[in-house]
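File shown: protein.csv (CSV, C-alpha atoms).
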```csv
chain,number,residue,atom,x,y,z
A,833,MET,CA,37.1,14.5,-7.5
A,834,ILE,CA,34.7,14.3,-4.6
A,835,ILE,CA,31.1,13.1,-4.9
A,836,PHE,CA,28.5,12.1,-2.3
A,837,ILE,CA,27.1,8.6,-2.4
A,838,ASN,CA,24.3,7.9,0.1
A,839,ASN,CA,25.3,11.1,2.0
A,840,GLU,CA,28.9,10.0,2.4
A,841,THR,CA,31.9,11.5,0.6
A,842,HIS,CA,33.7,9.4,-2.0
A,843,GLU,CA,36.6,10.1,-4.2
A,844,VAL,CA,36.3,9.0,-7.8
A,845,ALA,CA,38.2,9.5,-11.0
A,846,GLU,CA,37.4,12.5,-13.2
A,847,SER,CA,34.7,11.7,-15.8
A,848,SER,CA,33.5,8.7,-13.9
A,849,THR,CA,30.1,7.4,-14.9
A,850,ILE,CA,27.3,6.5,-12.6
A,851,HIS,CA,28.0,2.8,-13.3
A,852,GLU,CA,31.6,3.1,-12.4
A,853,ALA,CA,30.8,5.0,-9.2
A,854,ALA,CA,28.2,2.5,-8.1
A,855,LYS,CA,30.7,-0.3,-8.8
A,856,MET,CA,33.3,1.4,-6.7
A,857,PHE,CA,30.7,1.9,-3.9
A,858,GLY,CA,30.0,-1.8,-4.0
A,859,ALA,CA,26.3,-1.5,-5.0
A,860,LYS,CA,24.6,-4.8,-5.3
A,861,PRO,CA,21.9,-5.2,-8.0
A,862,PRO,CA,19.1,-4.6,-8.3
A,863,TYR,CA,19.4,-1.0,-7.4
A,864,ALA,CA,18.0,2.3,-8.7
A,865,ILE,CA,19.9,5.6,-8.9
A,866,LEU,CA,19.1,9.2,-8.0
A,867,VAL,CA,21.5,11.9,-9.1
A,868,ASN,CA,21.0,15.3,-7.5
A,869,ASP,CA,17.4,14.4,-6.5
A,870,THR,CA,16.5,13.2,-10.0
A,871,PHE,CA,15.9,9.6,-11.0
A,872,LEU,CA,18.4,8.3,-13.5
A,873,PRO,CA,17.1,5.3,-15.6
A,874,LEU,CA,19.3,2.2,-15.8
A,875,SER,CA,19.8,2.8,-19.5
A,876,GLN,CA,21.8,5.9,-18.6
A,877,HIS,CA,24.0,4.5,-15.9
A,878,ASN,CA,26.8,3.9,-18.4
A,879,HIS,CA,26.5,7.3,-20.0
A,880,PHE,CA,25.9,9.8,-17.3
A,881,VAL,CA,29.2,11.5,-16.4
A,882,LEU,CA,29.6,12.7,-12.8
A,883,THR,CA,31.0,16.1,-11.8
A,884,GLN,CA,32.4,17.5,-8.6
A,885,ASP,CA,30.0,17.5,-5.6
A,886,ASP,CA,27.3,15.4,-7.4
A,887,ARG,CA,25.0,13.7,-4.9
A,888,VAL,CA,24.2,10.1,-5.8
A,889,GLU,CA,21.7,7.9,-4.0
A,890,VAL,CA,21.9,4.1,-4.5
A,891,ILE,CA,18.4,2.7,-3.7
A,892,SER,CA,17.1,-0.8,-3.2
A,893,ALA,CA,14.2,-2.7,-1.8
A,894,ILE,CA,13.2,-2.7,1.9
A,895,GLN,CA,10.2,-3.9,3.9
A,896,GLY,CA,7.2,-1.6,3.6
A,897,GLY,CA,3.6,-1.4,4.6
B,303,MET,CA,-25.3,-18.9,-2.9
B,304,SER,CA,-22.7,-16.9,-4.7
B,305,ASN,CA,-19.4,-18.5,-5.9
B,306,GLU,CA,-16.6,-17.1,-3.8
B,307,HIS,CA,-14.4,-16.7,-6.8
B,308,SER,CA,-16.9,-15.7,-9.3
B,309,SER,CA,-16.1,-12.7,-11.5
B,310,LYS,CA,-18.3,-10.5,-9.4
B,311,ASN,CA,-16.5,-11.5,-6.3
B,312,ARG,CA,-13.0,-10.8,-7.4
B,313,LEU,CA,-11.0,-7.7,-6.5
B,314,ASN,CA,-10.2,-5.5,-9.5
B,315,ILE,CA,-7.0,-3.5,-9.4
B,316,TYR,CA,-6.7,-1.6,-12.7
B,317,GLY,CA,-8.0,-4.6,-14.6
B,318,THR,CA,-6.0,-7.3,-12.6
B,319,LYS,CA,-8.5,-9.6,-11.0
B,320,LEU,CA,-7.6,-11.1,-7.6
B,321,ASN,CA,-9.2,-13.7,-5.4
B,322,SER,CA,-8.0,-12.3,-2.1
B,323,ARG,CA,-9.3,-9.0,-0.8
B,324,LEU,CA,-6.4,-8.6,1.6
B,325,LEU,CA,-3.2,-6.7,0.6
B,326,ILE,CA,-0.5,-7.1,3.1
B,327,GLY,CA,2.7,-5.3,4.2
B,328,SER,CA,6.2,-6.8,4.5
B,329,SER,CA,7.5,-4.8,7.5
B,330,MET,CA,8.0,-5.3,11.2
B,331,TYR,CA,7.7,-9.1,11.4
B,332,PRO,CA,9.9,-10.8,14.0
B,333,SER,CA,11.9,-12.6,11.3
B,334,PRO,CA,12.0,-13.1,7.5
B,335,TYR,CA,10.7,-16.6,8.0
B,336,VAL,CA,7.7,-15.4,10.0
B,337,MET,CA,7.0,-12.8,7.4
B,338,GLN,CA,6.9,-15.3,4.7
B,339,GLN,CA,4.7,-17.7,6.6
B,340,ALA,CA,2.3,-15.1,7.9
B,341,ILE,CA,1.8,-13.6,4.4
B,342,ARG,CA,1.2,-17.1,3.0
B,343,THR,CA,-1.4,-18.0,5.7
B,344,SER,CA,-3.2,-14.6,5.1
B,345,GLY,CA,-3.8,-15.7,1.5
B,346,ALA,CA,-2.9,-12.2,0.3
B,347,GLU,CA,-1.9,-12.0,-3.4
B,348,VAL,CA,-0.4,-8.5,-3.2
B,349,VAL,CA,2.5,-7.5,-0.9
B,350,THR,CA,3.7,-4.0,-0.3
B,351,LEU,CA,7.4,-3.0,-0.1
B,352,SER,CA,9.4,0.2,-0.2
B,353,LEU,CA,12.8,1.7,-1.1
B,354,SER,CA,15.7,2.9,0.9
B,355,ARG,CA,19.4,3.7,0.6
B,356,GLN,CA,21.4,0.6,0.0
B,357,ASN,CA,24.2,-0.4,2.4
B,358,PRO,CA,26.4,-2.8,0.5
B,359,GLN,CA,28.1,-3.9,3.8
B,360,ALA,CA,24.7,-5.2,5.1
B,361,SER,CA,23.2,-8.3,3.6
B,362,GLY,CA,19.7,-7.7,5.0
B,363,GLY,CA,18.5,-5.8,2.0
B,364,GLN,CA,19.5,-8.5,-0.5
B,365,ALA,CA,18.0,-11.2,1.7
B,366,PHE,CA,14.7,-9.4,2.0
B,367,TRP,CA,14.5,-8.9,-1.7
B,368,GLU,CA,15.1,-12.7,-2.3
B,369,SER,CA,12.6,-13.5,0.4
B,370,ILE,CA,9.9,-11.4,-1.2
B,371,GLN,CA,10.6,-12.7,-4.7
B,372,SER,CA,10.3,-16.3,-3.4
B,373,LEU,CA,6.7,-15.6,-2.4
B,374,GLY,CA,5.7,-15.1,-6.0
B,375,LEU,CA,3.1,-12.4,-5.2
B,376,LEU,CA,2.2,-9.2,-7.0
B,377,LEU,CA,4.3,-6.3,-5.7
B,378,LEU,CA,2.9,-3.0,-4.6
B,379,PRO,CA,5.7,-0.5,-4.0
B,380,ASN,CA,4.9,2.5,-1.8
B,381,THR,CA,6.3,6.0,-1.5
B,382,ALA,CA,6.4,6.0,2.3
B,383,GLY,CA,8.2,8.8,3.9
B,384,CYS,CA,7.9,11.2,1.0
B,385,HIS,CA,7.0,14.7,2.0
B,386,SER,CA,7.2,16.4,-1.4
B,387,VAL,CA,5.7,15.8,-4.9
B,388,ASN,CA,9.2,15.6,-6.4
B,389,ASP,CA,10.3,12.9,-3.9
B,390,ALA,CA,7.2,10.8,-4.4
B,391,VAL,CA,7.5,11.0,-8.2
B,392,ASN,CA,11.2,10.1,-8.1
B,393,MET,CA,10.5,7.2,-5.8
B,394,ALA,CA,7.7,5.9,-8.0
B,395,ARG,CA,10.0,6.0,-11.0
B,396,MET,CA,12.7,4.1,-9.2
B,397,SER,CA,10.1,1.6,-8.0
B,398,ARG,CA,8.8,1.0,-11.5
B,399,GLU,CA,12.4,0.3,-12.8
B,400,LEU,CA,13.3,-2.0,-9.8
B,401,PHE,CA,10.1,-3.9,-9.4
B,402,GLN,CA,8.8,-3.9,-13.0
B,403,THR,CA,5.4,-2.8,-12.1
B,404,ASP,CA,3.3,0.3,-13.0
B,405,TRP,CA,1.4,0.0,-9.6
B,406,ILE,CA,2.4,2.6,-7.0
B,407,LYS,CA,0.9,3.1,-3.6
B,408,LEU,CA,1.2,6.8,-3.5
B,409,GLU,CA,1.9,8.2,0.0
B,410,LEU,CA,2.7,11.8,0.7
B,411,VAL,CA,3.1,12.7,4.4
B,412,GLY,CA,1.4,16.0,5.3
B,413,ASP,CA,1.9,15.8,9.1
B,414,ASP,CA,4.4,13.7,11.1
B,415,TYR,CA,2.1,13.4,14.2
B,416,ASN,CA,-0.5,11.2,12.5
B,417,LEU,CA,1.2,10.7,9.1
B,418,GLN,CA,-1.9,12.2,7.6
B,419,PRO,CA,-1.6,12.4,3.8
B,420,ASP,CA,-1.0,15.9,2.2
B,421,PRO,CA,-4.1,16.1,0.0
B,422,ILE,CA,-2.8,18.9,-2.2
B,423,ALA,CA,0.6,17.3,-2.9
B,424,LEU,CA,-1.1,13.9,-3.4
B,425,VAL,CA,-3.3,15.2,-6.2
B,426,LYS,CA,-0.4,16.9,-7.9
B,427,ALA,CA,1.8,13.8,-7.7
B,428,ALA,CA,-1.0,11.6,-8.8
B,429,GLU,CA,-1.6,13.8,-11.9
B,430,ILE,CA,2.1,13.5,-12.9
B,431,LEU,CA,2.3,9.8,-12.3
B,432,LEU,CA,-0.9,9.0,-14.2
B,433,SER,CA,0.4,11.0,-17.1
B,434,GLU,CA,3.5,8.8,-17.1
B,435,GLY,CA,1.4,5.6,-17.3
B,436,PHE,CA,1.5,4.7,-13.6
B,437,LYS,CA,-1.5,2.9,-12.0
B,438,VAL,CA,-1.8,5.0,-9.0
B,439,LEU,CA,-3.3,3.7,-5.7
B,440,PRO,CA,-3.4,6.9,-3.6
B,441,TYR,CA,-3.3,6.7,0.2
B,442,CYS,CA,-5.8,9.4,1.2
B,443,THR,CA,-8.0,10.5,4.0
B,444,ASP,CA,-11.7,9.9,3.9
B,445,ASP,CA,-12.2,13.4,2.4
B,446,LEU,CA,-14.9,13.2,-0.2
B,447,VAL,CA,-13.7,16.2,-2.3
B,448,ILE,CA,-10.1,15.1,-2.5
B,449,ALA,CA,-11.3,11.7,-3.5
B,450,ARG,CA,-13.3,13.3,-6.3
B,451,HIS,CA,-10.3,15.1,-7.6
B,452,LEU,CA,-8.3,11.8,-7.6
B,453,VAL,CA,-11.0,10.0,-9.4
B,454,GLU,CA,-11.4,12.7,-12.0
B,455,LEU,CA,-7.7,12.6,-12.7
B,456,GLY,CA,-8.1,8.9,-13.5
B,457,CYS,CA,-7.4,7.0,-10.3
B,458,GLU,CA,-9.4,3.7,-10.5
B,459,VAL,CA,-8.4,2.8,-7.0
B,460,LEU,CA,-8.7,4.8,-3.8
B,461,MET,CA,-7.1,3.9,-0.5
B,462,PRO,CA,-8.7,5.9,2.2
B,463,TRP,CA,-7.5,5.5,5.8
B,464,GLY,CA,-9.6,3.9,8.5
B,465,SER,CA,-7.4,5.6,11.1
B,466,PRO,CA,-3.8,6.7,11.2
B,467,ILE,CA,-1.0,4.3,10.2
B,468,GLY,CA,0.0,1.9,12.9
B,469,THR,CA,-2.7,2.9,15.4
B,470,GLY,CA,-4.9,-0.1,15.1
B,471,LYS,CA,-7.9,2.0,15.9
B,472,GLY,CA,-10.1,0.6,13.2
B,473,ILE,CA,-12.6,2.8,11.3
B,474,LEU,CA,-12.9,6.1,13.1
B,475,ASN,CA,-15.3,7.7,10.7
B,476,PRO,CA,-17.7,5.1,9.2
B,477,TYR,CA,-19.9,7.8,7.9
B,478,ALA,CA,-17.2,9.4,5.8
B,479,LEU,CA,-16.1,6.0,4.4
B,480,GLN,CA,-19.6,5.1,3.6
B,481,ALA,CA,-20.0,8.4,1.8
B,482,LEU,CA,-17.0,7.6,-0.4
B,483,ARG,CA,-18.4,4.1,-1.1
B,484,ASP,CA,-21.8,5.5,-2.1
B,485,ARG,CA,-20.4,8.4,-4.2
B,486,PHE,CA,-17.9,6.3,-6.1
B,487,PRO,CA,-19.6,2.9,-6.5
B,488,ASP,CA,-17.4,1.9,-9.5
B,489,VAL,CA,-14.0,2.8,-7.9
B,490,THR,CA,-12.1,0.1,-6.2
B,491,MET,CA,-12.0,1.1,-2.6
B,492,ILE,CA,-9.3,-0.3,-0.3
B,493,VAL,CA,-9.3,0.7,3.4
B,494,ASP,CA,-5.6,1.3,4.1
B,495,SER,CA,-4.1,1.9,7.6
B,496,GLY,CA,-5.5,1.7,11.0
B,497,ILE,CA,-6.9,-1.8,10.8
B,498,GLY,CA,-6.0,-3.5,14.1
B,499,LEU,CA,-8.4,-6.4,14.4
B,500,PRO,CA,-10.1,-8.9,12.0
B,501,SER,CA,-13.4,-7.3,13.0
B,502,HIS,CA,-12.2,-4.0,11.6
B,503,ALA,CA,-11.5,-5.7,8.3
B,504,SER,CA,-14.8,-7.5,8.4
B,505,GLN,CA,-16.6,-4.2,9.1
B,506,SER,CA,-14.8,-2.6,6.1
B,507,LEU,CA,-16.0,-5.4,3.7
B,508,GLU,CA,-19.5,-5.4,5.2
B,509,MET,CA,-19.7,-1.7,4.3
B,510,GLY,CA,-19.0,-2.5,0.7
B,511,MET,CA,-15.3,-1.7,0.7
B,512,ASP,CA,-13.5,-3.8,-1.9
B,513,ALA,CA,-10.5,-4.8,0.2
B,514,VAL,CA,-8.2,-3.8,3.1
B,515,LEU,CA,-4.5,-3.2,3.2
B,516,LEU,CA,-2.7,-3.8,6.5
B,517,ASN,CA,0.6,-4.7,8.0
B,518,THR,CA,1.1,-3.9,11.7
B,519,ALA,CA,-2.0,-5.9,12.8
B,520,VAL,CA,-0.4,-9.1,11.5
B,521,ALA,CA,3.3,-8.4,12.0
B,522,LYS,CA,2.9,-7.3,15.6
B,523,ALA,CA,0.5,-10.0,16.7
B,524,LYS,CA,1.8,-12.4,19.2
B,525,ASP,CA,1.2,-15.1,16.6
B,526,PRO,CA,1.5,-13.5,13.1
B,527,LEU,CA,0.6,-16.7,11.3
B,528,LEU,CA,-2.6,-17.2,13.2
B,529,MET,CA,-3.5,-13.6,12.8
B,530,GLY,CA,-2.9,-13.7,9.1
B,531,LEU,CA,-5.4,-16.6,9.0
B,532,ALA,CA,-7.9,-14.7,11.2
B,533,PHE,CA,-7.8,-11.8,8.8
B,534,SER,CA,-8.3,-14.0,5.8
B,535,LYS,CA,-11.4,-15.5,7.4
B,536,ALA,CA,-12.8,-12.1,8.6
B,537,ILE,CA,-12.4,-10.6,5.2
B,538,GLU,CA,-14.2,-13.5,3.5
B,539,ALA,CA,-17.0,-13.2,6.1
B,540,GLY,CA,-17.3,-9.5,5.6
B,541,ARG,CA,-17.5,-9.8,1.8
B,542,SER,CA,-20.0,-12.6,2.0
B,543,ALA,CA,-22.1,-10.5,4.4
B,544,TYR,CA,-22.0,-7.6,2.0
B,545,LEU,CA,-23.1,-9.7,-0.9
B,546,ALA,CA,-25.8,-11.4,1.2
B,547,GLY,CA,-27.4,-8.0,2.0
B,548,PRO,CA,-27.6,-7.2,5.7
B,549,MET,CA,-30.9,-6.7,7.4
B,550,ALA,CA,-32.1,-3.1,8.0
B,551,GLU,CA,-31.3,-1.8,11.4
B,552,ARG,CA,-34.3,-0.9,13.6
B,553,THR,CA,-34.7,1.2,16.7
B,554,ALA,CA,-37.6,-0.7,18.3
B,555,ALA,CA,-37.4,-4.4,19.3
B,556,SER,CA,-39.2,-6.8,17.0
B,557,PRO,CA,-39.8,-10.4,18.2
B,558,SER,CA,-38.1,-13.1,16.2
B,559,THR,CA,-40.4,-15.8,17.5
B,560,PRO,CA,-43.9,-15.7,16.0
B,561,THR,CA,-46.4,-14.5,18.6
B,562,ILE,CA,-49.7,-15.3,16.8
B,563,ASP,CA,-51.7,-17.9,18.7
B,564,SER,CA,-49.3,-17.7,21.6
B,565,PRO,CA,-51.3,-19.0,24.6
B,566,PHE,CA,-49.7,-16.3,26.8
B,567,TRP,CA,-50.3,-13.4,24.4
B,568,HIS,CA,-51.2,-10.2,26.2
B,569,GLN,CA,-51.3,-11.9,29.6
B,570,SER,CA,-48.5,-9.8,31.0
B,571,THR,CA,-48.9,-6.1,31.6
```

Take the structure in this file and express it as C-alpha cells.
Amino acid sequence: MIIFINNETHEVAESSTIHEAAKMFGAKPPYAILVNDTFLPLSQHNHFVLTQDDRVEVISAIQGG
Amino acid sequence: MSNEHSSKNRLNIYGTKLNSRLLIGSSMYPSPYVMQQAIRTSGAEVVTLSLSRQNPQASGGQAFWESIQSLGLLLLPNTAGCHSVNDAVNMARMSRELFQTDWIKLELVGDDYNLQPDPIALVKAAEILLSEGFKVLPYCTDDLVIARHLVELGCEVLMPWGSPIGTGKGILNPYALQALRDRFPDVTMIVDSGIGLPSHASQSLEMGMDAVLLNTAVAKAKDPLLMGLAFSKAIEAGRSAYLAGPMAERTAASPSTPTIDSPFWHQST
C-alpha cells in the first residue's frame, strides 16, 4: 500500500506498523512521529497499524532560536 | 554589595534556579564549532532548539543533536513556525518526548511579515499545554491584557518581544514592557526577540526584566564568541544596576560638585 512519509510517497507492506515504516524510511533515533497531523507517542510505534494514504512525519531536532 | 549568585539574584524558571540570565538560541552560527564556543562564552545555561522533518540521508541533524547534547545545558524547545493551535500542541508533545523536558517556548505566528504572535491562538494553546503538565514559556507581544490571560491560566513565565524576531531593533516600546513588569512583579519576565546589542540586553535588565533570550545578535556577529561574552557582561551589569536602584531622572540640571562656599558663586550672570 502507499503511504506518505515526510511528504513523499512510499510503498509499505499491508498492516505495517509505524515502527516498521520508520525503519524502512531509514529514520535515525531519536525521532518523534506524527500520523495524520496527530502526535503518536513512542510507546505506540510498535502497535499503530498504518492504512492506505496515511501521512507520517518523522521529526527530529534542529537548530532553533 | 549583593552576592551575584545569591538566591535573590538567581533566575527562576518554574522553580529551576539559574545563575545566568541569558537564554540563547542554537541557530544561524557559521559552524557547529562556533555555535558551541559562542554559547559557552555567553555563560548561558539554557539553549533553545526546534524540530523539523528528518532527512536520513543528511547527517547534519544527528551532528547537531550530538553537538547540543555535549554542551550539557538545559534545553528549551520551541514551536517556531506553527500557525495553528493544533500544530503547536503537537510540536510541544513531540518535543517533550524527544528532549525529556516539560519546558516549551510556545510560539504561534499570527503574521508572516513581522512574525507577530497570534494572541488568541497563543492563549488557547497555552491552556491545553498547561493542562497536560507543560511548563509554558509563551512568546507574546507586550500586550498587557493578553499577558494577564496567560498569567491567569497559570503561566509563571512570560516572554514578551522587544521587537520582531531577527530585527535587532531592541526595545521598541519600553513603556509597554515596564507596564508588564509593574503589573506582574512575581512573574518571571524574559525579553525574547529583537535584542540586537548588549546595550539592549542591559536596558532590559535595568528595567527589572528577569532575563533575555536571543540568538541572531550573537550568531550573526562578526565574532560570535566575543559577542557572547559581551552579552554576558551587559546582562550582569544591567541586573546589578537594577538591584542597585538607579537614580531618579530629572528634567533640570543639578550640579554634582558642591557649590556652597564656592569663591565664584553668583559672580557670573

Against chain B, which residues of chain A fall within 12 Å? For each one I want the closest pair of atoms and the distance in Å (one decimal), counting only C-alpha atoms, rows by chain and increasing residue number, as a Markdown table.
```
| residue | atom | partner | partner_atom | distance |
| --- | --- | --- | --- | --- |
| A:Ile837 | CA | B:Arg355 | CA | 9.6 |
| A:Asn838 | CA | B:Arg355 | CA | 6.5 |
| A:Asn839 | CA | B:Arg355 | CA | 9.6 |
| A:Glu840 | CA | B:Asn357 | CA | 11.4 |
| A:Ala854 | CA | B:Pro358 | CA | 10.3 |
| A:Lys855 | CA | B:Pro358 | CA | 10.5 |
| A:Met856 | CA | B:Pro358 | CA | 10.8 |
| A:Phe857 | CA | B:Pro358 | CA | 7.7 |
| A:Gly858 | CA | B:Pro358 | CA | 5.8 |
| A:Ala859 | CA | B:Pro358 | CA | 5.7 |
| A:Lys860 | CA | B:Pro358 | CA | 6.4 |
| A:Pro861 | CA | B:Gln364 | CA | 8.5 |
| A:Pro862 | CA | B:Leu400 | CA | 6.5 |
| A:Tyr863 | CA | B:Leu400 | CA | 6.6 |
| A:Ala864 | CA | B:Met396 | CA | 5.6 |
| A:Ile865 | CA | B:Met396 | CA | 7.4 |
| A:Leu866 | CA | B:Asn392 | CA | 8.0 |
| A:Val867 | CA | B:Asn392 | CA | 10.5 |
| A:Asn868 | CA | B:Asn392 | CA | 11.1 |
| A:Asp869 | CA | B:Asp389 | CA | 7.7 |
| A:Thr870 | CA | B:Asn392 | CA | 6.4 |
| A:Phe871 | CA | B:Asn392 | CA | 5.5 |
| A:Leu872 | CA | B:Met396 | CA | 8.3 |
| A:Pro873 | CA | B:Glu399 | CA | 7.4 |
| A:Leu874 | CA | B:Glu399 | CA | 7.8 |
| A:Ser875 | CA | B:Glu399 | CA | 10.3 |
| A:Val888 | CA | B:Arg355 | CA | 10.2 |
| A:Glu889 | CA | B:Arg355 | CA | 6.6 |
| A:Val890 | CA | B:Arg355 | CA | 5.7 |
| A:Ile891 | CA | B:Arg355 | CA | 4.5 |
| A:Ser892 | CA | B:Leu353 | CA | 5.4 |
| A:Ala893 | CA | B:Leu353 | CA | 4.7 |
| A:Ile894 | CA | B:Ser352 | CA | 5.2 |
| A:Gln895 | CA | B:Ser329 | CA | 4.6 |
| A:Gly896 | CA | B:Leu351 | CA | 4.0 |
| A:Gly897 | CA | B:Gly327 | CA | 4.0 |
```

I need the residues from that last selection saved to file as a PDB file, in the frame of the given file (with C-alpha atoms), if you can.
```pdb
ATOM      1  CA  ILE A 837      27.100   8.600  -2.400  1.00  0.00           C
ATOM      2  CA  ASN A 838      24.300   7.900   0.100  1.00  0.00           C
ATOM      3  CA  ASN A 839      25.300  11.100   2.000  1.00  0.00           C
ATOM      4  CA  GLU A 840      28.900  10.000   2.400  1.00  0.00           C
ATOM      5  CA  ALA A 854      28.200   2.500  -8.100  1.00  0.00           C
ATOM      6  CA  LYS A 855      30.700  -0.300  -8.800  1.00  0.00           C
ATOM      7  CA  MET A 856      33.300   1.400  -6.700  1.00  0.00           C
ATOM      8  CA  PHE A 857      30.700   1.900  -3.900  1.00  0.00           C
ATOM      9  CA  GLY A 858      30.000  -1.800  -4.000  1.00  0.00           C
ATOM     10  CA  ALA A 859      26.300  -1.500  -5.000  1.00  0.00           C
ATOM     11  CA  LYS A 860      24.600  -4.800  -5.300  1.00  0.00           C
ATOM     12  CA  PRO A 861      21.900  -5.200  -8.000  1.00  0.00           C
ATOM     13  CA  PRO A 862      19.100  -4.600  -8.300  1.00  0.00           C
ATOM     14  CA  TYR A 863      19.400  -1.000  -7.400  1.00  0.00           C
ATOM     15  CA  ALA A 864      18.000   2.300  -8.700  1.00  0.00           C
ATOM     16  CA  ILE A 865      19.900   5.600  -8.900  1.00  0.00           C
ATOM     17  CA  LEU A 866      19.100   9.200  -8.000  1.00  0.00           C
ATOM     18  CA  VAL A 867      21.500  11.900  -9.100  1.00  0.00           C
ATOM     19  CA  ASN A 868      21.000  15.300  -7.500  1.00  0.00           C
ATOM     20  CA  ASP A 869      17.400  14.400  -6.500  1.00  0.00           C
ATOM     21  CA  THR A 870      16.500  13.200 -10.000  1.00  0.00           C
ATOM     22  CA  PHE A 871      15.900   9.600 -11.000  1.00  0.00           C
ATOM     23  CA  LEU A 872      18.400   8.300 -13.500  1.00  0.00           C
ATOM     24  CA  PRO A 873      17.100   5.300 -15.600  1.00  0.00           C
ATOM     25  CA  LEU A 874      19.300   2.200 -15.800  1.00  0.00           C
ATOM     26  CA  SER A 875      19.800   2.800 -19.500  1.00  0.00           C
ATOM     27  CA  VAL A 888      24.200  10.100  -5.800  1.00  0.00           C
ATOM     28  CA  GLU A 889      21.700   7.900  -4.000  1.00  0.00           C
ATOM     29  CA  VAL A 890      21.900   4.100  -4.500  1.00  0.00           C
ATOM     30  CA  ILE A 891      18.400   2.700  -3.700  1.00  0.00           C
ATOM     31  CA  SER A 892      17.100  -0.800  -3.200  1.00  0.00           C
ATOM     32  CA  ALA A 893      14.200  -2.700  -1.800  1.00  0.00           C
ATOM     33  CA  ILE A 894      13.200  -2.700   1.900  1.00  0.00           C
ATOM     34  CA  GLN A 895      10.200  -3.900   3.900  1.00  0.00           C
ATOM     35  CA  GLY A 896       7.200  -1.600   3.600  1.00  0.00           C
ATOM     36  CA  GLY A 897       3.600  -1.400   4.600  1.00  0.00           C
TER      37      GLY A 897
END
```

Between CA of Pro548 (chain B) and CA of Val453 (chain B), distance in Å (one decimal): 28.3 Å

Any idea what the distance is between CA of Ser386 (chain B) and CA of His842 (chain A)? 27.4 Å

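For the pair CA of Glu538 (chain B) and CA of Asn314 (chain B), the interatomic distance is 15.8 Å.
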
Neighbouring residues of Pro487 (chain B) were defined as those with any atom within 12 Å, considering all atoms listed in the file; residues of the same chain fewer than 4 positions away were excluded. Please report them as an NGL selection string. :B and (453 or 458-460 or 479-483 or 491 or 509-512)

C-alpha atoms of the current selection, written as a CSV table (one decimal), in the frame of the given file:
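Saved to out-v2.csv:
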```csv
chain,number,residue,atom,x,y,z
B,453,VAL,CA,-11.0,10.0,-9.4
B,458,GLU,CA,-9.4,3.7,-10.5
B,459,VAL,CA,-8.4,2.8,-7.0
B,460,LEU,CA,-8.7,4.8,-3.8
B,479,LEU,CA,-16.1,6.0,4.4
B,480,GLN,CA,-19.6,5.1,3.6
B,481,ALA,CA,-20.0,8.4,1.8
B,482,LEU,CA,-17.0,7.6,-0.4
B,483,ARG,CA,-18.4,4.1,-1.1
B,491,MET,CA,-12.0,1.1,-2.6
B,509,MET,CA,-19.7,-1.7,4.3
B,510,GLY,CA,-19.0,-2.5,0.7
B,511,MET,CA,-15.3,-1.7,0.7
B,512,ASP,CA,-13.5,-3.8,-1.9
```
